[in-house]
file work-v8.cif (mmCIF, N, CA and C atoms)
data_data
#
loop_
_atom_site.label_atom_id
_atom_site.label_comp_id
_atom_site.auth_asym_id
_atom_site.auth_seq_id
_atom_site.Cartn_x
_atom_site.Cartn_y
_atom_site.Cartn_z
N ILE A 285 62.79 29.71 -19.70
CA ILE A 285 61.88 30.71 -20.24
C ILE A 285 61.23 30.10 -21.48
N ASN A 286 59.90 30.20 -21.55
CA ASN A 286 59.19 29.56 -22.66
C ASN A 286 58.99 30.54 -23.82
N ALA A 287 58.45 29.98 -24.91
CA ALA A 287 58.28 30.78 -26.14
C ALA A 287 57.23 31.87 -25.94
N GLU A 288 56.21 31.59 -25.16
CA GLU A 288 55.16 32.58 -24.93
C GLU A 288 55.73 33.80 -24.20
N TYR A 289 56.58 33.53 -23.19
CA TYR A 289 57.21 34.59 -22.42
C TYR A 289 58.08 35.44 -23.35
N MET A 290 58.83 34.78 -24.22
CA MET A 290 59.70 35.51 -25.16
C MET A 290 58.88 36.33 -26.14
N GLY A 291 57.74 35.78 -26.55
CA GLY A 291 56.86 36.52 -27.46
C GLY A 291 56.37 37.81 -26.83
N TYR A 292 56.03 37.74 -25.52
CA TYR A 292 55.59 38.94 -24.82
C TYR A 292 56.72 39.97 -24.70
N LEU A 293 57.94 39.46 -24.44
CA LEU A 293 59.08 40.39 -24.32
C LEU A 293 59.34 41.09 -25.65
N GLU A 294 59.20 40.36 -26.74
CA GLU A 294 59.43 40.94 -28.07
C GLU A 294 58.38 41.99 -28.39
N LYS A 295 57.17 41.84 -27.85
CA LYS A 295 56.10 42.81 -28.11
C LYS A 295 56.24 44.04 -27.21
N GLY A 296 57.18 44.02 -26.32
CA GLY A 296 57.45 45.19 -25.50
C GLY A 296 56.85 45.14 -24.11
N PHE A 297 56.43 43.98 -23.66
CA PHE A 297 55.90 43.84 -22.30
C PHE A 297 57.04 43.77 -21.31
N THR A 298 56.83 44.36 -20.15
CA THR A 298 57.85 44.27 -19.09
C THR A 298 57.63 42.97 -18.33
N PRO A 299 58.63 42.49 -17.59
CA PRO A 299 58.46 41.26 -16.83
C PRO A 299 57.32 41.36 -15.82
N GLU A 300 57.10 42.55 -15.25
CA GLU A 300 55.98 42.71 -14.31
C GLU A 300 54.64 42.54 -15.02
N GLN A 301 54.54 43.10 -16.22
CA GLN A 301 53.30 42.96 -16.99
C GLN A 301 53.07 41.51 -17.39
N ILE A 302 54.14 40.82 -17.75
CA ILE A 302 54.02 39.40 -18.13
C ILE A 302 53.57 38.59 -16.91
N ALA A 303 54.12 38.91 -15.72
CA ALA A 303 53.73 38.22 -14.50
C ALA A 303 52.25 38.48 -14.21
N THR A 304 51.83 39.73 -14.40
CA THR A 304 50.42 40.07 -14.20
C THR A 304 49.54 39.30 -15.19
N LEU A 305 50.00 39.22 -16.45
CA LEU A 305 49.25 38.46 -17.45
C LEU A 305 49.14 36.99 -17.05
N ASP A 306 50.24 36.41 -16.59
CA ASP A 306 50.22 35.00 -16.17
C ASP A 306 49.24 34.81 -15.00
N THR A 307 49.31 35.72 -14.02
CA THR A 307 48.41 35.64 -12.86
C THR A 307 46.95 35.76 -13.32
N THR A 308 46.69 36.71 -14.23
CA THR A 308 45.34 36.91 -14.74
C THR A 308 44.88 35.67 -15.50
N ASN A 309 45.75 35.11 -16.33
CA ASN A 309 45.40 33.89 -17.08
C ASN A 309 45.11 32.73 -16.13
N GLN A 310 45.87 32.63 -15.05
CA GLN A 310 45.64 31.58 -14.06
C GLN A 310 44.27 31.77 -13.40
N LEU A 311 43.98 33.01 -13.02
CA LEU A 311 42.68 33.30 -12.40
C LEU A 311 41.53 32.99 -13.35
N ILE A 312 41.73 33.35 -14.63
CA ILE A 312 40.69 33.07 -15.63
C ILE A 312 40.48 31.56 -15.76
N SER A 313 41.58 30.81 -15.78
CA SER A 313 41.47 29.35 -15.88
C SER A 313 40.76 28.76 -14.66
N GLU A 314 41.11 29.29 -13.47
CA GLU A 314 40.47 28.80 -12.25
C GLU A 314 38.98 29.13 -12.26
N ARG A 315 38.65 30.35 -12.65
CA ARG A 315 37.24 30.75 -12.70
C ARG A 315 36.48 29.92 -13.73
N ASP A 316 37.15 29.64 -14.86
CA ASP A 316 36.51 28.81 -15.88
C ASP A 316 36.23 27.41 -15.32
N ALA A 317 37.18 26.86 -14.59
CA ALA A 317 36.99 25.54 -13.99
C ALA A 317 35.85 25.58 -12.96
N GLU A 318 35.81 26.65 -12.17
CA GLU A 318 34.73 26.80 -11.18
C GLU A 318 33.37 26.91 -11.87
N LEU A 319 33.31 27.69 -12.95
CA LEU A 319 32.06 27.83 -13.69
C LEU A 319 31.64 26.50 -14.32
N GLN A 320 32.60 25.75 -14.82
CA GLN A 320 32.28 24.42 -15.38
C GLN A 320 31.73 23.51 -14.28
N HIS A 321 32.32 23.61 -13.09
CA HIS A 321 31.84 22.80 -11.96
C HIS A 321 30.42 23.22 -11.57
N ILE A 322 30.18 24.54 -11.53
CA ILE A 322 28.83 25.04 -11.20
C ILE A 322 27.83 24.56 -12.26
N TYR A 323 28.21 24.65 -13.52
CA TYR A 323 27.34 24.19 -14.60
C TYR A 323 27.02 22.70 -14.44
N SER A 324 28.04 21.92 -14.14
CA SER A 324 27.83 20.48 -13.92
C SER A 324 26.89 20.23 -12.75
N SER A 325 27.06 21.00 -11.68
CA SER A 325 26.18 20.87 -10.51
C SER A 325 24.74 21.24 -10.86
N ILE A 326 24.57 22.27 -11.66
CA ILE A 326 23.22 22.68 -12.08
C ILE A 326 22.58 21.61 -12.94
N VAL A 327 23.34 21.00 -13.82
CA VAL A 327 22.81 19.91 -14.64
C VAL A 327 22.38 18.74 -13.76
N ASP A 328 23.22 18.41 -12.75
CA ASP A 328 22.86 17.33 -11.82
C ASP A 328 21.59 17.69 -11.04
N LEU A 329 21.51 18.94 -10.61
CA LEU A 329 20.33 19.39 -9.88
C LEU A 329 19.09 19.32 -10.75
N HIS A 330 19.23 19.67 -12.01
CA HIS A 330 18.12 19.58 -12.96
C HIS A 330 17.64 18.13 -13.07
N GLU A 331 18.56 17.21 -13.16
CA GLU A 331 18.20 15.78 -13.23
C GLU A 331 17.48 15.34 -11.95
N CYS A 332 17.97 15.83 -10.81
CA CYS A 332 17.31 15.49 -9.54
C CYS A 332 15.87 15.99 -9.52
N PHE A 333 15.66 17.22 -10.00
CA PHE A 333 14.31 17.77 -10.02
C PHE A 333 13.42 17.01 -11.00
N LYS A 334 13.97 16.59 -12.12
CA LYS A 334 13.18 15.79 -13.06
C LYS A 334 12.78 14.46 -12.41
N ASP A 335 13.72 13.83 -11.71
CA ASP A 335 13.41 12.57 -11.02
C ASP A 335 12.36 12.80 -9.93
N LEU A 336 12.51 13.90 -9.19
CA LEU A 336 11.55 14.23 -8.14
C LEU A 336 10.16 14.47 -8.73
N ASN A 337 10.12 15.15 -9.85
CA ASN A 337 8.85 15.38 -10.54
C ASN A 337 8.19 14.06 -10.92
N ALA A 338 8.97 13.13 -11.46
CA ALA A 338 8.42 11.82 -11.83
C ALA A 338 7.90 11.09 -10.60
N LEU A 339 8.64 11.17 -9.49
CA LEU A 339 8.19 10.52 -8.25
C LEU A 339 6.89 11.13 -7.74
N VAL A 340 6.80 12.46 -7.80
CA VAL A 340 5.58 13.13 -7.34
C VAL A 340 4.39 12.70 -8.20
N ILE A 341 4.59 12.62 -9.49
CA ILE A 341 3.50 12.18 -10.38
C ILE A 341 3.10 10.74 -10.05
N ASP A 342 4.09 9.86 -9.86
CA ASP A 342 3.81 8.47 -9.51
C ASP A 342 3.07 8.38 -8.19
N GLN A 343 3.51 9.16 -7.20
CA GLN A 343 2.85 9.13 -5.90
C GLN A 343 1.42 9.65 -6.01
N GLY A 344 1.22 10.69 -6.81
CA GLY A 344 -0.13 11.21 -7.01
C GLY A 344 -1.04 10.16 -7.63
N THR A 345 -0.52 9.44 -8.61
CA THR A 345 -1.30 8.38 -9.24
C THR A 345 -1.60 7.28 -8.23
N LEU A 346 -0.62 6.94 -7.42
CA LEU A 346 -0.82 5.91 -6.40
C LEU A 346 -1.86 6.36 -5.39
N LEU A 347 -1.81 7.61 -4.97
CA LEU A 347 -2.81 8.12 -4.02
C LEU A 347 -4.20 8.11 -4.64
N ASP A 348 -4.28 8.45 -5.93
CA ASP A 348 -5.57 8.41 -6.60
C ASP A 348 -6.13 6.99 -6.61
N ARG A 349 -5.26 6.00 -6.89
CA ARG A 349 -5.71 4.61 -6.89
C ARG A 349 -6.14 4.18 -5.50
N ILE A 350 -5.39 4.58 -4.48
CA ILE A 350 -5.75 4.22 -3.11
C ILE A 350 -7.10 4.84 -2.76
N ASP A 351 -7.29 6.11 -3.11
CA ASP A 351 -8.55 6.79 -2.85
C ASP A 351 -9.70 6.07 -3.55
N TYR A 352 -9.50 5.69 -4.81
CA TYR A 352 -10.53 4.98 -5.56
C TYR A 352 -10.85 3.64 -4.90
N ASN A 353 -9.81 2.90 -4.49
CA ASN A 353 -10.03 1.61 -3.85
C ASN A 353 -10.76 1.74 -2.53
N ILE A 354 -10.45 2.78 -1.77
CA ILE A 354 -11.15 3.01 -0.50
C ILE A 354 -12.63 3.31 -0.77
N GLU A 355 -12.88 4.13 -1.77
CA GLU A 355 -14.27 4.46 -2.12
C GLU A 355 -15.03 3.22 -2.57
N GLU A 356 -14.38 2.39 -3.39
CA GLU A 356 -15.02 1.14 -3.84
C GLU A 356 -15.28 0.20 -2.66
N THR A 357 -14.34 0.10 -1.75
CA THR A 357 -14.50 -0.75 -0.57
C THR A 357 -15.68 -0.26 0.27
N LYS A 358 -15.78 1.05 0.43
CA LYS A 358 -16.90 1.62 1.19
C LYS A 358 -18.22 1.24 0.54
N ASN A 359 -18.30 1.38 -0.78
CA ASN A 359 -19.54 1.04 -1.48
C ASN A 359 -19.86 -0.45 -1.34
N GLN A 360 -18.84 -1.29 -1.42
CA GLN A 360 -19.08 -2.73 -1.30
C GLN A 360 -19.50 -3.10 0.12
N VAL A 361 -18.96 -2.42 1.12
CA VAL A 361 -19.36 -2.68 2.51
C VAL A 361 -20.83 -2.27 2.71
N ILE A 362 -21.23 -1.16 2.13
CA ILE A 362 -22.63 -0.73 2.22
C ILE A 362 -23.54 -1.77 1.58
N GLU A 363 -23.17 -2.25 0.40
CA GLU A 363 -23.97 -3.27 -0.29
C GLU A 363 -24.01 -4.57 0.53
N ALA A 364 -22.87 -4.94 1.12
CA ALA A 364 -22.83 -6.16 1.93
C ALA A 364 -23.73 -6.02 3.16
N THR A 365 -23.75 -4.84 3.76
CA THR A 365 -24.62 -4.60 4.92
C THR A 365 -26.08 -4.76 4.53
N LYS A 366 -26.46 -4.20 3.39
CA LYS A 366 -27.84 -4.35 2.90
C LYS A 366 -28.17 -5.83 2.67
N GLU A 367 -27.25 -6.55 2.08
CA GLU A 367 -27.46 -7.98 1.79
C GLU A 367 -27.62 -8.77 3.09
N ILE A 368 -26.81 -8.45 4.08
CA ILE A 368 -26.90 -9.14 5.38
C ILE A 368 -28.25 -8.84 6.03
N ASN A 369 -28.70 -7.60 5.95
CA ASN A 369 -30.00 -7.25 6.52
C ASN A 369 -31.12 -8.00 5.82
N ARG A 370 -31.05 -8.14 4.50
CA ARG A 370 -32.06 -8.91 3.76
C ARG A 370 -32.05 -10.37 4.18
N THR A 371 -30.85 -10.90 4.37
CA THR A 371 -30.72 -12.30 4.78
C THR A 371 -31.31 -12.52 6.16
N VAL A 372 -31.08 -11.59 7.07
CA VAL A 372 -31.64 -11.70 8.42
C VAL A 372 -33.17 -11.69 8.35
N GLU A 373 -33.74 -10.80 7.54
CA GLU A 373 -35.19 -10.74 7.38
C GLU A 373 -35.73 -12.05 6.81
N LEU A 374 -35.03 -12.58 5.81
CA LEU A 374 -35.47 -13.86 5.22
C LEU A 374 -35.40 -14.99 6.25
N GLN A 375 -34.38 -14.98 7.08
CA GLN A 375 -34.27 -16.01 8.11
C GLN A 375 -35.42 -15.90 9.10
N LYS A 376 -35.78 -14.68 9.48
CA LYS A 376 -36.91 -14.49 10.40
C LYS A 376 -38.19 -15.01 9.76
N LYS A 377 -38.39 -14.67 8.47
CA LYS A 377 -39.58 -15.14 7.76
C LYS A 377 -39.59 -16.65 7.64
N SER A 378 -38.43 -17.24 7.36
CA SER A 378 -38.38 -18.69 7.20
C SER A 378 -38.65 -19.39 8.53
N LYS A 379 -38.20 -18.82 9.64
CA LYS A 379 -38.52 -19.40 10.95
C LYS A 379 -40.02 -19.34 11.20
N PHE A 380 -40.63 -18.22 10.86
CA PHE A 380 -42.08 -18.07 11.02
C PHE A 380 -42.81 -19.11 10.17
N LEU A 381 -42.37 -19.26 8.90
CA LEU A 381 -43.01 -20.25 8.03
C LEU A 381 -42.81 -21.66 8.56
N LEU A 382 -41.67 -21.95 9.12
CA LEU A 382 -41.40 -23.28 9.68
C LEU A 382 -42.34 -23.55 10.85
N ILE A 383 -42.55 -22.55 11.70
CA ILE A 383 -43.46 -22.71 12.84
C ILE A 383 -44.89 -22.91 12.34
N VAL A 384 -45.32 -22.14 11.35
CA VAL A 384 -46.66 -22.28 10.80
C VAL A 384 -46.84 -23.66 10.19
N MET A 385 -45.86 -24.13 9.44
CA MET A 385 -45.95 -25.47 8.82
C MET A 385 -46.00 -26.54 9.90
N LEU A 386 -45.22 -26.38 10.96
CA LEU A 386 -45.24 -27.35 12.05
C LEU A 386 -46.62 -27.38 12.72
N LEU A 387 -47.21 -26.20 12.91
CA LEU A 387 -48.55 -26.13 13.49
C LEU A 387 -49.58 -26.77 12.56
N VAL A 388 -49.47 -26.53 11.24
CA VAL A 388 -50.39 -27.15 10.27
C VAL A 388 -50.26 -28.66 10.33
N VAL A 389 -49.02 -29.18 10.39
CA VAL A 389 -48.81 -30.62 10.47
C VAL A 389 -49.41 -31.16 11.77
N LEU A 390 -49.22 -30.45 12.87
CA LEU A 390 -49.80 -30.88 14.15
C LEU A 390 -51.32 -30.89 14.10
N ILE A 391 -51.90 -29.84 13.49
CA ILE A 391 -53.37 -29.80 13.37
C ILE A 391 -53.87 -30.96 12.53
N ILE A 392 -53.21 -31.22 11.41
CA ILE A 392 -53.61 -32.36 10.56
C ILE A 392 -53.44 -33.65 11.32
N GLY A 393 -52.35 -33.78 12.07
CA GLY A 393 -52.14 -35.00 12.88
C GLY A 393 -53.22 -35.16 13.93
N MET A 394 -53.63 -34.06 14.60
CA MET A 394 -54.68 -34.12 15.61
C MET A 394 -56.02 -34.49 14.98
N MET A 395 -56.26 -33.90 13.80
CA MET A 395 -57.51 -34.23 13.11
C MET A 395 -57.52 -35.70 12.70
N PHE A 396 -56.39 -36.19 12.23
CA PHE A 396 -56.29 -37.61 11.86
C PHE A 396 -56.50 -38.48 13.10
N ALA A 397 -55.91 -38.08 14.23
CA ALA A 397 -56.08 -38.84 15.47
C ALA A 397 -57.55 -38.78 15.92
N LEU A 398 -58.19 -37.63 15.76
CA LEU A 398 -59.59 -37.48 16.13
C LEU A 398 -60.48 -38.36 15.27
N VAL A 399 -60.19 -38.37 13.97
CA VAL A 399 -60.95 -39.23 13.04
C VAL A 399 -60.77 -40.68 13.42
N LEU A 400 -59.57 -41.11 13.75
CA LEU A 400 -59.31 -42.51 14.12
C LEU A 400 -60.04 -42.83 15.43
N LYS A 401 -60.12 -41.91 16.36
CA LYS A 401 -60.78 -42.15 17.63
C LYS A 401 -62.29 -42.27 17.41
N ILE A 402 -62.83 -41.44 16.52
CA ILE A 402 -64.28 -41.48 16.24
C ILE A 402 -64.61 -42.79 15.52
N VAL A 403 -63.80 -43.21 14.60
CA VAL A 403 -64.05 -44.42 13.83
C VAL A 403 -63.83 -45.64 14.71
N ALA A 404 -62.97 -45.64 15.63
CA ALA A 404 -62.67 -46.82 16.42
C ALA A 404 -63.54 -47.02 17.60
#
call {"tool": "encode", "arguments": {"input": "work-v8.cif", "output": "structure tokens"}}
result
Amino acid sequence: INAEYMGYLEKGFTPEQIATLDTTNQLISERDAELQHIYSSIVDLHECFKDLNALVIDQGTLLDRIDYNIEETKNQVIEATKEINRTVELQKKSKFLLIVMLLVVLIIGMMFALVLKIVA
């Protein structure tokens, strides 16, 4: 028999009341432990939500960057298409100029041949 039990007996508690007190104290201790466990779980859950929030923010930033890069790529493809079209037009013009220059050279050559035939 411990000192606490003797203290209760001296205060006039019956053994049944002391047993009830012990049972109640045990239940209180168990409930306190359960509440501490629940509190710990809530703190862990809070940390998980904070981490999830950070991940969502990071993913949002990443999606924004991807969206921006796609938009920039689209704009660059449009510009490249315009540049290719200009290059094709210049090539067509340069072929035309090459043909004209070849014809001019042929005409000058024919005229030179004609002059040589007349002189000879």
call {"tool": "atom_distance", "arguments": {"input": "work-v8.cif", "atom1": "CA of Glu314 in chain A", "atom2": "CA of Phe333 in chain A"}}
result
28.5 Å
call {"tool": "residues_around", "arguments": {"input": "work-v8.cif", "residues": "range 298-310 of chain A", "least_positions_apart": "6", "cutoff": "8 Å", "atoms": "all atoms listed in the file", "output": "PyMOL selection string"}}
result
chain A and resi 289+292+316
call {"tool": "atom_distance", "arguments": {"input": "work-v8.cif", "atom1": "atom C of Asp351 in chain A", "atom2": "atom C of Leu336 in chain A"}}
result
22.2 Å
call {"tool": "axis_aligned_box", "arguments": {"input": "work-v8.cif", "around": "range 382-396 of chain A", "padding_each_side": "4 Å", "output": "AutoDock Vina command-line options"}}
result
--center_x -49.5 --center_y -30.2 --center_z 12.2 --size_x 24.1 --size_y 24.5 --size_z 14.8
call {"tool": "atom_distance", "arguments": {"input": "work-v8.cif", "atom1": "CA of His330 in chain A", "atom2": "CA of Asp342 in chain A"}}
result
18.4 Å
call {"tool": "build_atoms", "arguments": {"input": "work-v8.cif", "residues": "range 359-377 of chain A", "atoms": "N, CA, C and O atoms", "output": "PDB file, keeping the file's coordinate frame"}}
result
ATOM      1  N   ASN A 359     -18.300   1.380  -0.780  1.00  0.00           N
ATOM      2  CA  ASN A 359     -19.540   1.040  -1.480  1.00  0.00           C
ATOM      3  C   ASN A 359     -19.860  -0.450  -1.340  1.00  0.00           C
ATOM      4  O   ASN A 359     -21.023  -0.817  -1.155  1.00  0.00           O
ATOM      5  N   GLN A 360     -18.840  -1.290  -1.420  1.00  0.00           N
ATOM      6  CA  GLN A 360     -19.080  -2.730  -1.300  1.00  0.00           C
ATOM      7  C   GLN A 360     -19.500  -3.100   0.120  1.00  0.00           C
ATOM      8  O   GLN A 360     -20.338  -3.989   0.308  1.00  0.00           O
ATOM      9  N   VAL A 361     -18.960  -2.420   1.120  1.00  0.00           N
ATOM     10  CA  VAL A 361     -19.360  -2.680   2.510  1.00  0.00           C
ATOM     11  C   VAL A 361     -20.830  -2.270   2.710  1.00  0.00           C
ATOM     12  O   VAL A 361     -21.595  -2.981   3.368  1.00  0.00           O
ATOM     13  N   ILE A 362     -21.230  -1.160   2.130  1.00  0.00           N
ATOM     14  CA  ILE A 362     -22.630  -0.730   2.220  1.00  0.00           C
ATOM     15  C   ILE A 362     -23.540  -1.770   1.580  1.00  0.00           C
ATOM     16  O   ILE A 362     -24.573  -2.148   2.152  1.00  0.00           O
ATOM     17  N   GLU A 363     -23.170  -2.250   0.400  1.00  0.00           N
ATOM     18  CA  GLU A 363     -23.970  -3.270  -0.290  1.00  0.00           C
ATOM     19  C   GLU A 363     -24.010  -4.570   0.530  1.00  0.00           C
ATOM     20  O   GLU A 363     -25.051  -5.215   0.631  1.00  0.00           O
ATOM     21  N   ALA A 364     -22.870  -4.940   1.120  1.00  0.00           N
ATOM     22  CA  ALA A 364     -22.830  -6.160   1.930  1.00  0.00           C
ATOM     23  C   ALA A 364     -23.730  -6.020   3.160  1.00  0.00           C
ATOM     24  O   ALA A 364     -24.414  -6.982   3.547  1.00  0.00           O
ATOM     25  N   THR A 365     -23.750  -4.840   3.760  1.00  0.00           N
ATOM     26  CA  THR A 365     -24.620  -4.600   4.920  1.00  0.00           C
ATOM     27  C   THR A 365     -26.080  -4.760   4.530  1.00  0.00           C
ATOM     28  O   THR A 365     -26.872  -5.384   5.249  1.00  0.00           O
ATOM     29  N   LYS A 366     -26.460  -4.200   3.390  1.00  0.00           N
ATOM     30  CA  LYS A 366     -27.840  -4.350   2.900  1.00  0.00           C
ATOM     31  C   LYS A 366     -28.170  -5.830   2.670  1.00  0.00           C
ATOM     32  O   LYS A 366     -29.257  -6.291   3.035  1.00  0.00           O
ATOM     33  N   GLU A 367     -27.250  -6.550   2.080  1.00  0.00           N
ATOM     34  CA  GLU A 367     -27.460  -7.980   1.790  1.00  0.00           C
ATOM     35  C   GLU A 367     -27.620  -8.770   3.090  1.00  0.00           C
ATOM     36  O   GLU A 367     -28.472  -9.654   3.196  1.00  0.00           O
ATOM     37  N   ILE A 368     -26.810  -8.450   4.080  1.00  0.00           N
ATOM     38  CA  ILE A 368     -26.900  -9.140   5.380  1.00  0.00           C
ATOM     39  C   ILE A 368     -28.250  -8.840   6.030  1.00  0.00           C
ATOM     40  O   ILE A 368     -28.897  -9.749   6.575  1.00  0.00           O
ATOM     41  N   ASN A 369     -28.700  -7.600   5.950  1.00  0.00           N
ATOM     42  CA  ASN A 369     -30.000  -7.250   6.520  1.00  0.00           C
ATOM     43  C   ASN A 369     -31.120  -8.000   5.820  1.00  0.00           C
ATOM     44  O   ASN A 369     -32.060  -8.483   6.474  1.00  0.00           O
ATOM     45  N   ARG A 370     -31.050  -8.140   4.500  1.00  0.00           N
ATOM     46  CA  ARG A 370     -32.060  -8.910   3.760  1.00  0.00           C
ATOM     47  C   ARG A 370     -32.050 -10.370   4.180  1.00  0.00           C
ATOM     48  O   ARG A 370     -33.092 -10.996   4.352  1.00  0.00           O
ATOM     49  N   THR A 371     -30.850 -10.900   4.370  1.00  0.00           N
ATOM     50  CA  THR A 371     -30.720 -12.300   4.780  1.00  0.00           C
ATOM     51  C   THR A 371     -31.310 -12.520   6.160  1.00  0.00           C
ATOM     52  O   THR A 371     -32.003 -13.517   6.405  1.00  0.00           O
ATOM     53  N   VAL A 372     -31.080 -11.590   7.070  1.00  0.00           N
ATOM     54  CA  VAL A 372     -31.640 -11.700   8.420  1.00  0.00           C
ATOM     55  C   VAL A 372     -33.170 -11.690   8.350  1.00  0.00           C
ATOM     56  O   VAL A 372     -33.842 -12.484   9.017  1.00  0.00           O
ATOM     57  N   GLU A 373     -33.740 -10.800   7.540  1.00  0.00           N
ATOM     58  CA  GLU A 373     -35.190 -10.740   7.380  1.00  0.00           C
ATOM     59  C   GLU A 373     -35.730 -12.050   6.810  1.00  0.00           C
ATOM     60  O   GLU A 373     -36.752 -12.566   7.274  1.00  0.00           O
ATOM     61  N   LEU A 374     -35.030 -12.580   5.810  1.00  0.00           N
ATOM     62  CA  LEU A 374     -35.470 -13.860   5.220  1.00  0.00           C
ATOM     63  C   LEU A 374     -35.400 -14.990   6.250  1.00  0.00           C
ATOM     64  O   LEU A 374     -36.278 -15.862   6.275  1.00  0.00           O
ATOM     65  N   GLN A 375     -34.380 -14.980   7.080  1.00  0.00           N
ATOM     66  CA  GLN A 375     -34.270 -16.010   8.110  1.00  0.00           C
ATOM     67  C   GLN A 375     -35.420 -15.900   9.100  1.00  0.00           C
ATOM     68  O   GLN A 375     -35.989 -16.905   9.519  1.00  0.00           O
ATOM     69  N   LYS A 376     -35.780 -14.680   9.480  1.00  0.00           N
ATOM     70  CA  LYS A 376     -36.910 -14.490  10.400  1.00  0.00           C
ATOM     71  C   LYS A 376     -38.190 -15.010   9.760  1.00  0.00           C
ATOM     72  O   LYS A 376     -38.996 -15.685  10.407  1.00  0.00           O
ATOM     73  N   LYS A 377     -38.390 -14.670   8.470  1.00  0.00           N
ATOM     74  CA  LYS A 377     -39.580 -15.140   7.760  1.00  0.00           C
ATOM     75  C   LYS A 377     -39.590 -16.650   7.640  1.00  0.00           C
ATOM     76  O   LYS A 377     -40.629 -17.292   7.792  1.00  0.00           O
TER      77      LYS A 377
END
